[in-house]
file data-v9.txt (compact mmCIF, C-alpha atoms)
# COMPACT_ATOMS: atom_id res chain seq x y z
CA MET A 28 7.89 136.14 82.40
CA ARG A 29 6.60 134.50 85.57
CA THR A 30 3.95 132.65 83.53
CA LEU A 31 6.60 131.50 81.10
CA PHE A 32 8.73 130.23 83.99
CA ARG A 33 5.75 128.36 85.48
CA THR A 34 4.89 126.80 82.12
CA SER A 35 8.51 125.76 81.64
CA LEU A 36 8.48 124.07 85.04
CA ARG A 37 5.34 122.17 84.06
CA ILE A 38 6.77 121.11 80.69
CA ALA A 39 10.18 120.04 82.07
CA PRO A 40 9.07 116.75 83.70
CA VAL A 41 7.14 115.82 80.54
CA MET A 42 10.23 116.49 78.41
CA LEU A 43 12.34 114.46 80.86
CA LEU A 44 9.91 111.55 80.64
CA LEU A 45 9.92 111.72 76.84
CA PHE A 46 13.72 111.82 76.78
CA CYS A 47 14.01 108.81 79.15
CA GLY A 48 11.41 106.89 77.15
CA ALA A 49 13.34 107.48 73.94
CA ALA A 50 16.60 106.36 75.58
CA ILE A 51 15.03 103.12 76.88
CA SER A 52 13.43 102.43 73.53
CA SER A 53 16.73 102.98 71.69
CA LYS A 54 18.46 100.50 74.05
CA ALA A 55 15.80 97.87 73.33
CA GLN A 56 16.23 98.50 69.63
CA SER A 57 20.01 98.05 69.70
CA ALA A 58 19.62 94.40 68.70
CA LYS A 59 18.05 95.56 65.46
CA LEU A 60 20.68 95.50 62.75
CA GLN A 61 20.81 98.06 59.95
CA LEU A 62 20.29 95.89 56.86
CA ASP A 63 18.86 98.24 54.24
CA GLN A 64 22.29 98.92 52.74
CA LEU A 65 22.33 95.29 51.55
CA ASP A 66 19.47 96.04 49.15
CA ALA A 67 21.93 97.06 46.43
CA LEU A 68 22.82 93.35 46.12
CA ALA A 69 19.30 92.72 44.80
CA ASN A 70 20.27 94.15 41.40
CA ARG A 71 22.79 91.32 40.87
CA ALA A 72 21.20 88.49 42.86
CA SER A 73 19.18 85.91 41.01
CA ASN A 74 16.77 85.74 43.96
CA THR A 75 16.17 88.07 46.87
CA VAL A 76 13.91 87.46 49.84
CA ASP A 77 13.25 90.30 52.24
CA VAL A 78 11.10 89.70 55.32
CA LYS A 79 10.28 92.57 57.63
CA LEU A 80 7.98 91.86 60.54
CA ASP A 81 8.41 94.95 62.66
CA GLU A 82 7.26 95.56 66.23
CA HIS A 83 3.98 97.16 65.15
CA LEU A 84 3.14 94.22 62.90
CA LEU A 85 3.98 91.68 65.62
CA GLN A 86 1.91 93.60 68.16
CA ILE A 87 -1.16 93.53 65.94
CA THR A 88 -0.78 89.92 64.85
CA TRP A 89 0.35 87.79 67.81
CA LYS A 90 -3.16 87.92 69.25
CA ILE A 91 -4.65 86.10 66.27
CA PHE A 92 -2.77 82.90 67.07
CA SER A 93 -4.70 80.39 69.14
CA ASP A 94 -3.93 79.25 72.69
CA LYS A 95 -5.70 75.96 72.04
CA ASP A 96 -3.50 74.64 69.24
CA PRO A 97 -0.13 73.65 70.79
CA GLU A 98 1.88 74.66 67.71
CA GLU A 99 0.14 78.02 67.45
CA LYS A 100 0.52 78.58 71.17
CA LYS A 101 4.30 78.21 70.86
CA ILE A 102 4.38 80.74 68.02
CA LYS A 103 2.10 83.11 69.91
CA GLU A 104 4.29 83.04 73.02
CA LEU A 105 7.37 83.74 70.91
CA LEU A 106 5.81 86.53 68.87
CA GLN A 107 4.31 88.24 71.90
CA LYS A 108 7.77 88.97 73.28
CA LEU A 109 9.52 89.84 70.04
CA LYS A 110 10.12 93.32 68.66
CA GLY A 111 10.97 92.32 65.13
CA ILE A 112 11.87 89.56 62.71
CA TYR A 113 14.00 90.55 59.72
CA VAL A 114 15.39 88.30 57.02
CA LYS A 115 17.42 89.21 53.98
CA SER A 116 18.56 86.47 51.67
CA PHE A 117 20.42 86.85 48.38
CA SER A 118 21.15 83.94 46.01
CA PHE A 119 23.50 84.37 43.09
CA GLU A 120 23.80 82.34 39.92
CA LYS A 121 27.59 82.16 39.93
CA GLU A 122 30.16 81.94 42.69
CA ASN A 123 31.78 85.15 43.94
CA GLU A 124 29.12 87.40 42.42
CA TYR A 125 29.17 89.29 45.68
CA ALA A 126 32.26 90.30 47.61
CA PRO A 127 32.52 89.74 51.38
CA ALA A 128 33.26 93.47 51.64
CA GLU A 129 29.69 94.14 50.49
CA VAL A 130 28.33 92.55 53.65
CA ASP A 131 31.01 94.04 55.92
CA SER A 132 28.63 96.73 57.15
CA VAL A 133 26.54 93.99 58.76
CA MET A 134 29.47 91.96 60.06
CA LEU A 135 30.90 95.14 61.61
CA GLN A 136 27.69 95.69 63.57
CA LEU A 137 27.90 92.12 64.87
CA ARG A 138 31.41 92.80 66.14
CA GLY A 139 30.10 95.82 68.05
CA ALA A 140 29.06 96.22 71.66
CA GLY A 141 26.48 93.81 72.98
CA TRP A 142 26.93 91.17 70.30
CA SER A 143 28.62 87.82 70.95
CA LYS A 144 29.15 84.88 68.65
CA ILE A 145 27.96 81.63 70.14
CA VAL A 146 30.62 78.99 69.81
CA GLY A 147 29.57 75.50 68.90
CA VAL A 148 26.48 76.44 67.00
CA ARG A 149 26.67 75.16 63.47
CA SER A 150 24.24 74.35 60.74
CA LYS A 151 23.79 70.72 59.88
CA LYS A 152 23.64 71.72 56.24
CA GLU A 153 26.80 70.79 54.37
CA GLY A 154 28.92 73.56 52.87
CA GLU A 155 27.11 76.25 54.85
CA ASN A 156 29.08 78.63 56.97
CA VAL A 157 26.56 79.59 59.61
CA ASP A 158 27.29 81.77 62.61
CA VAL A 159 24.89 82.60 65.38
CA TYR A 160 25.20 85.80 67.40
CA ILE A 161 23.27 86.99 70.42
CA ASN A 162 22.83 90.50 71.71
CA GLN A 163 22.90 90.44 75.47
CA LEU A 164 22.63 92.92 78.31
CA GLY A 165 23.52 91.04 81.49
CA ASP A 166 21.43 87.89 81.47
CA GLN A 167 18.83 89.44 79.22
CA ILE A 168 18.96 88.41 75.55
CA ASN A 169 17.90 91.39 73.44
CA GLY A 170 18.19 89.73 70.08
CA LEU A 171 19.70 87.18 67.83
CA ALA A 172 21.36 87.11 64.43
CA VAL A 173 22.06 84.15 62.21
CA VAL A 174 24.43 84.69 59.30
CA SER A 175 24.66 82.05 56.61
CA MET A 176 27.25 82.57 53.91
CA ASN A 177 28.67 80.65 51.02
CA LEU A 178 30.07 81.65 47.64
CA LYS A 179 26.65 81.89 46.03
CA GLU A 180 24.44 82.94 48.91
CA PHE A 181 24.19 85.37 51.78
CA THR A 182 21.39 85.18 54.35
CA ILE A 183 20.92 87.10 57.55
CA VAL A 184 18.16 86.52 60.06
CA ASN A 185 17.79 89.16 62.77
CA ILE A 186 15.35 88.54 65.58
CA VAL A 187 14.87 91.47 67.94
CA GLY A 188 13.67 90.84 71.48
CA PRO A 189 14.11 88.05 74.01
CA VAL A 190 14.40 84.79 72.11
CA ASP A 191 15.41 81.36 73.28
CA LEU A 192 17.74 79.72 70.77
CA ASP A 193 16.14 76.37 71.51
CA LYS A 194 12.76 77.78 70.51
CA LEU A 195 14.08 79.29 67.28
CA SER A 196 13.19 76.09 65.48
CA ASP A 197 9.50 76.89 66.11
CA LEU A 198 9.84 79.89 63.81
CA GLU A 199 12.00 78.20 61.15
CA GLY A 200 10.13 77.56 57.94
CA GLN A 201 7.37 79.99 58.97
CA PHE A 202 7.05 83.70 58.17
CA ASN A 203 9.56 83.05 55.33
CA ILE A 204 12.28 82.42 57.91
CA PRO A 205 14.63 79.94 56.24
CA ASP A 206 15.11 76.50 57.70
CA LEU A 207 18.56 76.87 59.21
CA ASP A 208 18.89 73.40 60.78
CA ILE A 209 20.82 74.82 63.67
CA ALA A 210 22.45 72.28 65.99
CA ARG A 211 23.55 73.38 69.43
CA PRO A 212 25.94 70.83 70.94
CA ASN A 213 27.04 72.96 73.88
CA LYS A 214 24.61 75.44 75.38
CA THR A 215 26.96 77.04 77.84
CA LYS A 216 29.97 77.90 75.71
CA LYS A 217 30.00 81.44 74.52
CA ASP A 218 32.74 83.48 73.05
CA LYS A 219 33.10 87.15 72.27
CA ASP A 220 33.87 87.56 68.60
CA ASP A 221 36.42 90.35 68.63
CA MET B 30 -2.14 140.39 72.36
CA LYS B 31 -5.29 138.27 72.44
CA THR B 32 -5.55 138.39 68.63
CA LYS B 33 -1.92 137.35 68.28
CA LEU B 34 -2.49 134.39 70.62
CA THR B 35 -5.62 133.37 68.72
CA VAL B 36 -3.77 133.53 65.39
CA ALA B 37 -0.87 131.55 66.84
CA GLY B 38 -3.28 128.93 68.20
CA LEU B 39 -5.08 128.64 64.88
CA THR B 40 -1.77 128.35 63.02
CA LEU B 41 -0.72 125.58 65.38
CA VAL B 42 -4.02 123.72 64.93
CA LEU B 43 -3.71 124.01 61.13
CA ALA B 44 -0.08 122.89 61.21
CA VAL B 45 -1.03 119.76 63.16
CA ALA B 46 -4.29 119.09 61.34
CA THR B 47 -2.94 119.37 57.77
CA PRO B 48 -0.45 116.48 57.98
CA LEU B 49 -3.10 114.38 59.77
CA ARG B 50 -5.59 115.04 56.99
CA VAL B 51 -2.96 114.27 54.35
CA LEU B 52 -2.19 111.02 56.19
CA ALA B 53 -5.88 110.11 56.31
CA ASP B 54 -6.26 110.87 52.60
CA ARG B 55 -3.27 108.79 51.60
CA ASP B 56 -4.21 105.80 49.54
CA GLY B 57 -1.48 103.18 49.32
CA PHE B 58 -3.27 101.34 46.54
CA ASN B 59 -3.41 104.24 44.08
CA ASP B 60 0.01 105.51 45.11
CA VAL B 61 1.66 102.18 44.42
CA VAL B 62 -0.07 101.91 41.03
CA LYS B 63 1.33 105.35 40.17
CA ALA B 64 4.80 104.26 41.36
CA ILE B 65 4.69 101.24 39.01
CA GLU B 66 3.52 103.38 36.10
CA SER B 67 6.19 105.96 36.72
CA PHE B 68 9.11 103.51 37.08
CA TYR B 69 8.21 101.14 34.24
CA HIS B 70 6.46 103.65 31.94
CA VAL B 71 3.38 101.42 31.76
CA LYS B 72 -0.35 102.08 32.02
CA HIS B 73 -2.79 100.10 34.14
CA GLN B 74 -6.13 98.66 33.12
CA SER B 75 -8.75 98.79 35.81
CA LEU B 76 -10.91 95.72 36.11
CA PRO B 77 -13.58 96.58 38.65
CA PHE B 78 -16.24 94.68 36.74
CA LEU B 79 -14.16 91.52 36.38
CA ALA B 80 -13.11 91.72 40.01
CA ARG B 81 -16.70 92.01 41.17
CA THR B 82 -17.77 89.14 38.92
CA GLY B 83 -14.84 87.11 40.20
CA MET B 84 -15.74 87.73 43.80
CA LYS B 85 -19.35 86.78 43.15
CA ALA B 86 -18.31 83.58 41.38
CA VAL B 87 -15.95 82.71 44.21
CA ARG B 88 -18.69 83.28 46.77
CA THR B 89 -20.99 80.96 44.86
CA ALA B 90 -18.27 78.34 44.57
CA ALA B 91 -17.67 78.57 48.32
CA LYS B 92 -21.35 77.97 49.00
CA ILE B 93 -21.45 74.94 46.71
CA ARG B 94 -18.21 73.39 47.90
CA GLY B 95 -18.57 74.23 51.58
CA GLY B 96 -16.26 72.45 54.02
CA ASP B 97 -12.67 73.61 54.18
CA TRP B 98 -12.87 75.66 51.01
CA LYS B 99 -13.22 79.22 52.11
CA ARG B 100 -13.04 82.60 50.48
CA LEU B 101 -9.94 84.54 51.47
CA ALA B 102 -10.94 88.15 50.96
CA GLU B 103 -14.00 89.66 52.59
CA ALA B 104 -16.90 90.06 50.19
CA GLY B 105 -16.61 93.13 48.02
CA SER B 106 -13.36 94.24 49.60
CA ALA B 107 -11.03 93.50 46.68
CA ARG B 108 -9.59 96.30 44.58
CA VAL B 109 -7.67 95.16 41.53
CA VAL B 110 -5.51 96.87 38.98
CA TYR B 111 -4.03 94.89 36.14
CA PHE B 112 -1.20 95.60 33.71
CA GLU B 113 -1.39 93.35 30.69
CA ASP B 114 1.05 92.75 27.79
CA GLN B 115 3.43 95.51 28.79
CA ASN B 116 7.16 95.62 29.28
CA PHE B 117 8.43 95.45 32.87
CA ASP B 118 12.13 96.02 32.44
CA SER B 119 13.90 97.09 35.62
CA ARG B 120 17.04 98.09 33.65
CA GLY B 121 19.24 96.55 36.36
CA GLN B 122 17.68 98.84 38.95
CA ILE B 123 15.23 96.52 40.66
CA ALA B 124 16.52 97.66 44.07
CA ALA B 125 15.57 101.25 43.20
CA PHE B 126 12.04 100.16 42.35
CA LYS B 127 11.78 98.22 45.62
CA ALA B 128 12.89 101.35 47.50
CA ALA B 129 10.30 103.42 45.59
CA VAL B 130 7.50 101.02 46.55
CA ASN B 131 8.55 101.04 50.19
CA ASN B 132 8.82 104.83 50.27
CA THR B 133 5.40 105.16 48.64
CA LEU B 134 3.67 103.03 51.25
CA GLY B 135 5.67 104.71 54.03
CA GLN B 136 4.66 104.08 57.58
CA ASP B 137 1.02 103.29 56.82
CA TRP B 138 1.65 99.73 55.68
CA SER B 139 3.86 97.06 57.25
CA THR B 140 5.96 94.92 54.98
CA VAL B 141 5.54 91.18 55.34
CA VAL B 142 7.70 89.83 52.54
CA GLN B 143 9.25 90.99 49.30
CA THR B 144 10.82 88.60 46.78
CA LEU B 145 12.71 89.69 43.69
CA SER B 146 14.13 87.73 40.74
CA PRO B 147 15.64 90.38 38.44
CA LYS B 148 16.66 88.00 35.65
CA GLU B 149 13.08 86.80 35.25
CA GLU B 150 11.74 90.26 36.09
CA GLU B 151 9.58 88.72 38.79
CA GLN B 152 8.66 90.55 41.97
CA ASN B 153 6.19 89.92 44.79
CA TYR B 154 5.39 92.31 47.58
CA ILE B 155 2.99 91.78 50.47
CA PHE B 156 2.05 94.61 52.82
CA ILE B 157 -0.55 94.64 55.57
CA ARG B 158 -2.22 97.10 57.88
CA GLU B 159 -4.85 97.00 60.60
CA ASP B 160 -8.46 97.63 59.64
CA GLY B 161 -10.49 97.54 62.86
CA THR B 162 -10.67 93.91 63.92
CA LYS B 163 -9.63 92.83 60.41
CA PHE B 164 -6.60 93.41 58.23
CA LYS B 165 -6.00 95.01 54.88
CA VAL B 166 -3.52 93.29 52.61
CA LEU B 167 -1.83 94.75 49.55
CA VAL B 168 -0.29 92.25 47.15
CA ILE B 169 1.85 93.43 44.25
CA THR B 170 2.87 90.87 41.64
CA ILE B 171 5.09 91.85 38.73
CA GLU B 172 6.25 89.61 35.91
CA ARG B 173 8.05 90.39 32.66
CA HIS B 174 4.89 91.36 30.76
CA ASP B 175 2.11 91.49 33.36
CA ALA B 176 1.52 92.90 36.79
CA THR B 177 -1.29 92.91 39.32
CA VAL B 178 -1.99 95.05 42.36
CA VAL B 179 -4.63 93.67 44.72
CA GLN B 180 -5.91 95.16 47.93
CA ALA B 181 -8.34 93.16 50.06
CA THR B 182 -9.66 92.93 53.60
CA LEU B 183 -8.91 89.71 55.46
CA ARG B 184 -10.35 88.08 58.55
CA PRO B 185 -7.83 87.33 61.33
CA GLU B 186 -8.01 83.60 60.52
CA VAL B 187 -6.92 84.23 56.92
CA MET B 188 -4.32 86.72 58.11
CA LYS B 189 -2.80 84.02 60.29
CA GLU B 190 -2.36 81.74 57.30
CA LEU B 191 -0.89 84.63 55.31
CA LEU B 192 1.73 85.20 57.99
CA LYS B 193 2.61 81.52 58.18
CA ASN B 194 2.99 81.15 54.44
CA PRO B 195 3.08 84.60 52.81
CA ASP B 196 4.18 83.54 49.31
CA GLU B 197 1.48 80.95 48.83
CA MET B 198 -1.29 83.01 50.38
CA GLY B 199 -0.24 86.09 48.38
CA LYS B 200 -0.65 84.08 45.18
CA GLN B 201 -4.02 82.73 46.31
CA ILE B 202 -5.33 86.19 47.17
CA THR B 203 -4.26 87.51 43.77
CA ASP B 204 -5.76 84.49 41.98
CA GLU B 205 -9.01 84.86 43.86
CA ALA B 206 -9.31 88.53 43.05
CA THR B 207 -8.45 88.18 39.36
CA THR B 208 -9.95 84.84 38.32
CA VAL B 209 -13.42 84.79 36.88
CA ASP B 210 -15.06 81.43 37.34
CA PRO B 211 -17.15 80.25 34.37

call {"tool": "encode", "arguments": {"input": "data-v9.txt", "output": "structure tokens"}}
result
Amino acid sequence: MRTLFRTSLRIAPVMLLLFCGAAISSKAQSAKLQLDQLDALANRASNTVDVKLDEHLLQITWKIFSDKDPEEKKIKELLQKLKGIYVKSFSFEKENEYAPAEVDSVMLQLRGAGWSKIVGVRSKKEGENVDVYINQLGDQINGLAVVSMNLKEFTIVNIVGPVDLDKLSDLEGQFNIPDLDIARPNKTKKDKDD
Amino acid sequence: MKTKLTVAGLTLVLAVATPLRVLADRDGFNDVVKAIESFYHVKHQSLPFLARTGMKAVRTAAKIRGGDWKRLAEAGSARVVYFEDQNFDSRGQIAAFKAAVNNTLGQDWSTVVQTLSPKEEEQNYIFIREDGTKFKVLVITIERHDATVVQATLRPEVMKELLKNPDEMGKQITDEATTVDP
């Protein structure tokens, strides 16, 4: 019994450390949106693009980008800090082939704790309804989401980890991230989207 | 008591070791070929000879051309399975097939990009995983009547280009592994 008690005492700090580690990790992951439920749209969409660059993939690949090439250096610095890049894009042949309710599960997450819609950020593309959301804890940006919707298309880009909106353009058009043409007229305005 | 402890220890070692061995034995390439065969009721044709000939021809071409023209896959690393003149009909369930592919490759492979066009029955999947200082890439291409599964080892330089432009590089890797130069 005494041995069991001693062993338990030795195991307890390890368990505590594991528990704390898991809690910290889950907080860092909170900017990662659950998007898999959107996959059902793929059966009706004329085109689906699904990009998943998870933390493990980014960790093993950021090192291969060069410090010497200025463009690659920018990408490297961005990737090094990120914990994931996820894109889901569905294009439909006809208008209203998907109902807004079908993407509600995602929009609901963006209305949840930590997420704020940035006012004044709009796409320069005509007819696009683009909203940009950031996930913030104090001054720390944990992630970003860009939602682009129209009657024939739904695209969501979810970047997990600290990302500067101004540097987002460095990733656009690469890694199958769509070119969103995001303009940011006012950097300071921010509004909670309740 | 001692015997009981020994048995318990052995059981624990076996319990831990078995899943590890299963994990080590897992072969994403063969598993994904089986997943395609099972979902579409098709049968693959293995082309090891053509693949080897193709790789050799490509190596020769690289030597002759030199300069910027470089081979993508590491010599001899390509594994190819080809489905020719068969019917790839997703029956409106392309999302279910995508889920099956992802479940098959599990945690061993990381997804890069997956593109689906159900009306044309076209699908492209690119997965990668670490292989020492290099990378293994798995490219699955499915069209209405043909499909190809290619696995190859890439140098970091090629991997970088694949990440920047996955669609184009995926096509090039498949072309390289399946084209036999005259």

call {"tool": "interface_residues", "arguments": {"input": "data-v9.txt", "of": "chain B", "to": "chain A", "cutoff": "7 Å", "atoms": "all atoms listed in the file", "output": "list in words"}}
result
Gly121, Gln122, Ile123, Ala124, Ser139, Thr140, Val141, Val142, Gln143, Thr144, Leu145, Ser146, Pro147, Lys148, Pro185, Lys189, Leu192, Lys193, Asn194 and Pro195 of chain B

call {"tool": "atom_distance", "arguments": {"input": "data-v9.txt", "atom1": "CA of Leu60 (chain A)", "atom2": "CA of Phe68 (chain B)"}}
result
29.3 Å

call {"tool": "closest_residue", "arguments": {"input": "data-v9.txt", "among": "A:Val130, A:Leu109, A:Val174, A:Val157", "to": "Gln64 (chain A)", "atoms": "all atoms listed in the file"}}
result
A:Val130

call {"tool": "axis_aligned_box", "arguments": {"input": "data-v9.txt", "around": "region 138-145 of chain A", "padding_each_side": "6 Å", "output": "lines of an AutoDock Vina configuration file"}}
result
center_x = 28.9
center_y = 88.9
center_z = 69.6
size_x = 16.9
size_y = 26.6
size_z = 18.8

call {"tool": "closest_residue", "arguments": {"input": "data-v9.txt", "among": "B:Thr203, B:Ser119, B:Glu190, B:Val178", "to": "Gln74 (chain B)", "atoms": "only C-alpha atoms"}}
result
B:Val178

call {"tool": "atom_distance", "arguments": {"input": "data-v9.txt", "atom1": "CA of Leu171 (chain A)", "atom2": "CA of Asp206 (chain A)"}}
result
15.4 Å

call {"tool": "closest_residue", "arguments": {"input": "data-v9.txt", "among": "B:Ala125, B:Leu101, B:Leu191, B:Ile202", "to": "Val179 (chain B)", "atoms": "all atoms listed in the file"}}
result
B:Ile202

call {"tool": "residues_near_point", "arguments": {"input": "data-v9.txt", "point": "(6.5, 87.3, 69.8)", "cutoff": "9 Å", "atoms": "all atoms listed in the file", "output": "list in words"}}
result
Leu85, Gln86, Trp89, Ile102, Lys103, Glu104, Leu105, Leu106, Gln107, Lys108, Leu109, Lys110, Gly111, Gly188, Pro189 and Val190 of chain A

call {"tool": "atom_distance", "arguments": {"input": "data-v9.txt", "atom1": "CA of Phe181 (chain A)", "atom2": "CA of Leu135 (chain A)"}}
result
15.4 Å

call {"tool": "residues_around", "arguments": {"input": "data-v9.txt", "residues": "Ile161 (chain A)", "least_positions_apart": "5", "cutoff": "6 Å", "atoms": "all atoms listed in the file", "output": "list in words"}}
result
Trp142, Ser143, Gly170 and Leu171 of chain A

call {"tool": "residues_around", "arguments": {"input": "data-v9.txt", "residues": "His174 (chain B)", "least_positions_apart": "6", "cutoff": "9 Å", "atoms": "all atoms listed in the file", "output": "list in words"}}
result
Phe112, Glu113, Asp114, Gln115, Asn116, Phe117, Asp118 and Glu150 of chain B

call {"tool": "residues_around", "arguments": {"input": "data-v9.txt", "residues": "Trp138 (chain B)", "least_positions_apart": "6", "cutoff": "10 Å", "atoms": "only C-alpha atoms", "output": "list in words"}}
result
Leu84 of chain A; Gly57, Asn131, Ile155, Phe156, Ile157, Arg158, Glu159, Lys165, Val166 and Leu167 of chain B

call {"tool": "closest_residue", "arguments": {"input": "data-v9.txt", "among": "A:Lys101, A:Lys144, A:Lys179, A:Lys95", "to": "Asn123 (chain A)", "atoms": "only C-alpha atoms"}}
result
A:Lys179

call {"tool": "closest_residue", "arguments": {"input": "data-v9.txt", "among": "B:Asp204, B:Asp60, B:Glu197, B:Asp160", "to": "Ala129 (chain B)", "atoms": "all atoms listed in the file"}}
result
B:Asp60
